[in-house]
$ cat model-v4.txt   # compact mmCIF, C-alpha atoms
# COMPACT_ATOMS: atom_id res chain seq x y z
CA MET A 804 -36.49 21.56 6.24
CA ASP A 805 -35.91 18.03 7.52
CA GLN A 806 -33.64 17.24 4.59
CA PHE A 807 -31.76 20.49 5.11
CA LEU A 808 -30.94 19.57 8.73
CA ALA A 809 -29.95 16.03 7.77
CA PHE A 810 -27.65 17.26 5.01
CA THR A 811 -26.22 19.88 7.38
CA VAL A 812 -25.20 17.14 9.81
CA VAL A 813 -23.60 15.11 7.01
CA GLY A 814 -21.85 18.23 5.70
CA LEU A 815 -20.54 19.19 9.13
CA SER A 816 -19.15 15.73 9.78
CA THR A 817 -17.47 15.70 6.35
CA ALA A 818 -16.12 19.20 6.98
CA ALA A 819 -14.74 18.02 10.31
CA ILE A 820 -12.82 15.24 8.55
CA TYR A 821 -11.33 17.75 6.11
CA ALA A 822 -10.50 20.11 8.98
CA VAL A 823 -8.53 17.41 10.81
CA ILE A 824 -6.68 16.46 7.61
CA GLY A 825 -5.94 20.11 6.79
CA SER A 826 -4.71 20.83 10.31
CA GLY A 827 -2.29 17.93 10.09
CA LEU A 828 -0.97 19.07 6.72
CA VAL A 829 -0.49 22.64 7.97
CA LEU A 830 1.25 21.45 11.13
CA THR A 831 3.57 19.22 9.12
CA HIS A 832 4.37 21.98 6.65
CA THR A 833 4.97 24.50 9.42
CA THR A 834 7.31 22.25 11.38
CA ALA A 835 9.18 20.53 8.52
CA GLY A 836 9.03 23.29 5.92
CA VAL A 837 7.88 20.94 3.18
CA PHE A 838 4.54 19.62 1.99
CA ASN A 839 4.30 16.03 3.21
CA PHE A 840 2.80 13.81 0.54
CA ALA A 841 2.97 10.87 2.96
CA HIS A 842 0.59 12.46 5.48
CA GLY A 843 -2.36 10.31 4.43
CA ALA A 844 -0.24 7.19 4.13
CA ALA A 845 0.92 7.59 7.73
CA GLY A 846 -2.73 7.84 8.76
CA MET A 847 -3.47 4.73 6.72
CA LEU A 848 -0.78 2.79 8.58
CA ALA A 849 -2.21 3.97 11.91
CA ALA A 850 -5.69 2.87 10.84
CA PHE A 851 -4.44 -0.55 9.75
CA ALA A 852 -2.47 -0.92 13.00
CA TYR A 853 -5.62 -0.05 14.98
CA TRP A 854 -7.62 -2.62 13.00
CA GLN A 855 -4.93 -5.25 13.58
CA LEU A 856 -4.89 -4.66 17.32
CA ALA A 857 -8.64 -4.23 17.89
CA VAL A 858 -10.12 -6.67 15.38
CA GLY A 859 -7.27 -8.92 14.24
CA TRP A 860 -5.85 -9.62 17.69
CA GLY A 861 -8.93 -8.83 19.78
CA TRP A 862 -7.52 -6.08 21.97
CA PRO A 863 -10.03 -3.90 23.82
CA VAL A 864 -10.80 -0.71 21.88
CA PRO A 865 -9.33 1.69 24.52
CA ALA A 866 -6.09 -0.31 24.67
CA ALA A 867 -5.81 -0.45 20.87
CA LEU A 868 -6.47 3.30 20.60
CA ALA A 869 -3.90 4.06 23.29
CA ALA A 870 -1.29 1.81 21.66
CA VAL A 871 -1.76 3.44 18.25
CA LEU A 872 -2.15 7.07 19.36
CA LEU A 873 0.36 7.11 22.21
CA VAL A 874 2.99 4.61 21.07
CA LEU A 875 2.93 3.54 17.41
CA ALA A 876 2.05 6.84 15.70
CA PRO A 877 4.57 8.93 17.68
CA ALA A 878 7.24 6.27 17.16
CA PHE A 879 6.57 6.25 13.41
CA GLY A 880 6.72 10.06 13.29
CA LEU A 881 9.97 10.14 15.26
CA LEU A 882 11.51 7.44 13.07
CA ALA A 883 10.48 9.20 9.86
CA GLU A 884 11.77 12.55 11.10
CA ARG A 885 15.10 11.30 12.45
CA VAL A 886 15.96 8.74 9.76
CA LEU A 887 14.36 10.14 6.60
CA MET A 888 13.57 13.84 6.88
CA ARG A 889 16.40 15.23 9.00
CA PRO A 890 19.20 14.07 6.64
CA VAL A 891 17.55 15.86 3.68
CA GLN A 892 16.60 19.02 5.60
CA ALA A 893 19.65 20.92 4.35
CA LEU A 894 18.96 19.94 0.73
CA GLY A 895 16.66 21.74 -1.67
CA GLU A 896 12.88 21.83 -1.78
CA ALA A 897 12.72 19.26 -4.59
CA GLU A 898 14.80 16.73 -2.67
CA ARG A 899 12.61 17.08 0.41
CA LEU A 900 9.48 16.64 -1.69
CA VAL A 901 10.96 13.54 -3.30
CA MET A 902 11.65 12.14 0.16
CA THR A 903 8.00 12.56 1.17
CA VAL A 904 6.89 10.87 -2.05
CA ALA A 905 9.33 8.03 -1.31
CA LEU A 906 7.89 7.77 2.20
CA LEU A 907 4.39 7.66 0.69
CA THR A 908 5.41 4.83 -1.62
CA GLY A 909 7.16 2.98 1.20
CA CYS A 910 4.13 3.21 3.49
CA ILE A 911 1.85 1.85 0.77
CA ALA A 912 4.30 -0.97 0.01
CA LEU A 913 4.58 -1.81 3.73
CA ALA A 914 0.79 -1.90 4.11
CA ARG A 915 0.40 -4.13 1.04
CA TRP A 916 3.11 -6.43 2.36
CA VAL A 917 1.64 -6.78 5.86
CA TRP A 918 -2.11 -6.67 5.04
CA ASP A 919 -3.46 -8.40 1.93
CA PRO A 920 -5.25 -5.69 -0.09
CA ASN A 921 -7.78 -8.23 -1.38
CA THR A 922 -9.07 -9.04 2.12
CA PRO A 923 -11.85 -6.77 3.43
CA ARG A 924 -11.34 -5.39 6.92
CA PRO A 925 -14.68 -4.15 8.24
CA LEU A 926 -14.63 -2.00 11.34
CA ALA A 927 -17.64 -0.94 13.38
CA ALA A 928 -18.09 2.74 14.13
CA PHE A 929 -17.26 3.88 17.66
CA LEU A 930 -20.18 3.37 20.04
CA ALA A 931 -22.16 1.74 17.23
CA GLY A 932 -24.45 0.00 19.72
CA GLU A 933 -25.42 3.24 21.45
CA PRO A 934 -28.51 5.16 20.32
CA ALA A 935 -27.75 8.10 18.03
CA LEU A 936 -28.26 11.71 19.09
CA ARG A 937 -31.37 13.34 17.69
CA LEU A 938 -31.37 17.01 16.80
CA GLY A 939 -34.94 17.46 15.73
CA PRO A 940 -35.34 15.51 12.49
CA ALA A 941 -31.58 15.10 12.07
CA VAL A 942 -29.72 12.11 13.47
CA VAL A 943 -26.10 12.44 14.61
CA THR A 944 -24.25 9.17 15.15
CA TRP A 945 -21.68 8.98 17.90
CA HIS A 946 -19.04 8.47 15.23
CA GLN A 947 -20.02 11.80 13.64
CA ALA A 948 -20.14 13.54 17.02
CA ILE A 949 -16.65 12.29 17.93
CA THR A 950 -15.32 13.43 14.56
CA MET A 951 -16.79 16.91 14.99
CA ALA A 952 -15.54 17.20 18.58
CA THR A 953 -12.04 16.16 17.48
CA ALA A 954 -12.05 18.80 14.73
CA LEU A 955 -13.17 21.47 17.18
CA ALA A 956 -10.49 20.46 19.68
$ encode --input "model-v4.txt" --output "C-alpha cells"
Amino acid sequence: MDQFLAFTVVGLSTAAIYAVIGSGLVLTHTTAGVFNFAHGAAGMLAAFAYWQLAVGWGWPVPAALAAVLLVLAPAFGLLAERVLMRPVQALGEAERLVMTVALLTGCIALARWVWDPNTPRPLAAFLAGEPALRLGPAVVTWHQAITMATALA
C-alpha cells in the first residue's frame, strides 16, 4: 500500500506536467488554428532565460520568475505572432505548419548560440530547503505540489 501511494504521487505530478503541456497546445491550436511544433521550444527558451536570470546573474527567484513570466514570455509570444505567424495566417495549413517548424528550429539554434549545450545548468527545485509534505507514507515535494496546483488552476 505504501508503494501504491508513493507511485500515485509520482503519477499525479507527471500527469500534471502533461496537463499543463496539453493545455498550452490546445490553447495555441484554438487561437492560431494550427498545431504549434515550437510550443516546447518556446518553453525551453523561457526555462533557459529563467536559469540565466536566477542562477547565471544571481537575480532573486521572485524577480526572475516575474521577468520571465510577465515580460519575456509574453514579448516572445507577441513577437512570434506579429512577425512570423500573422503573415502566413492567410496561407494554407502546410505553410503554417512549416512556419512553426521553422520557429522550432530557430529557437533551438538561438538557445545553442546563447547557451553552450555542453555546459550543465543545474537548478534547484522550488522551496528545496523546505520540508516535504507527508501524506501518510507518501512524500510530496513542494516542487510536485506547485506543479499539481498549476495544472489544477
$ axis_aligned_box --input "model-v4.txt" --around "stretch 869-885 of chain A" --padding-each-side "3 Å" --output "AutoDock Vina command-line options"
--center_x 5.6 --center_y 7.2 --center_z 16.6 --size_x 25.0 --size_y 16.7 --size_z 19.4
$ closest_residue --input "model-v4.txt" --among "A:Val942, A:Leu875, A:Val904, A:Leu828" --to "A:Phe851" --atoms "only C-alpha atoms"
A:Leu875
$ closest_residue --input "model-v4.txt" --among "A:Leu936, A:Gly814, A:Ala954, A:Gly859" --to "A:Gly827" --atoms "all atoms listed in the file"
A:Ala954
$ closest_residue --input "model-v4.txt" --among "A:Ala935, A:Ala844, A:Leu887, A:Ala822" --to "A:Leu913" --atoms "all atoms listed in the file"
A:Ala844
$ closest_residue --input "model-v4.txt" --among "A:Ala867, A:Val823, A:Cys910, A:Ala849" --to "A:Thr950" --atoms "all atoms listed in the file"
A:Val823
$ atom_distance --input "model-v4.txt" --atom1 "atom CA of A:Gln806" --atom2 "atom CA of A:Pro934"
20.5 Å
$ atom_distance --input "model-v4.txt" --atom1 "atom CA of A:Ala809" --atom2 "atom CA of A:Ala941"
4.7 Å
$ atom_distance --input "model-v4.txt" --atom1 "atom CA of A:Pro920" --atom2 "atom CA of A:Gly846"
16.4 Å
$ residues_around --input "model-v4.txt" --residues "A:Val864" --least-positions-apart "4" --cutoff "10 Å" --atoms "all atoms listed in the file" --output "PyMOL selection string"
chain A and resi 853-854+856-858+868-870+929
$ write_last_selection --input "model-v4.txt" --atoms "C-alpha atoms" --output "CSV table (one decimal), in the coordinates of the input"
chain,number,residue,atom,x,y,z
A,853,TYR,CA,-5.6,0.0,15.0
A,854,TRP,CA,-7.6,-2.6,13.0
A,856,LEU,CA,-4.9,-4.7,17.3
A,857,ALA,CA,-8.6,-4.2,17.9
A,858,VAL,CA,-10.1,-6.7,15.4
A,868,LEU,CA,-6.5,3.3,20.6
A,869,ALA,CA,-3.9,4.1,23.3
A,870,ALA,CA,-1.3,1.8,21.7
A,929,PHE,CA,-17.3,3.9,17.7
$ residues_around --input "model-v4.txt" --residues "A:Val901" --least-positions-apart "5" --cutoff "12 Å" --atoms "all atoms listed in the file" --output "list of chain:residue names"
A:Val837, A:Phe838, A:Asn839, A:Phe840, A:Ala841, A:Leu887, A:Met888, A:Val891, A:Gln892, A:Leu894, A:Gly895, A:Glu896, A:Leu906, A:Leu907, A:Thr908
$ closest_residue --input "model-v4.txt" --among "A:Gly843, A:Gly932, A:Pro877, A:Gly836" --to "A:Thr944" --atoms "all atoms listed in the file"
A:Gly932
$ residues_around --input "model-v4.txt" --residues "A:Trp918" --least-positions-apart "2" --cutoff "12 Å" --atoms "only C-alpha atoms" --output "number ranges by chain"
A: 847-848, 850-852, 854-855, 859, 910-916, 920-924
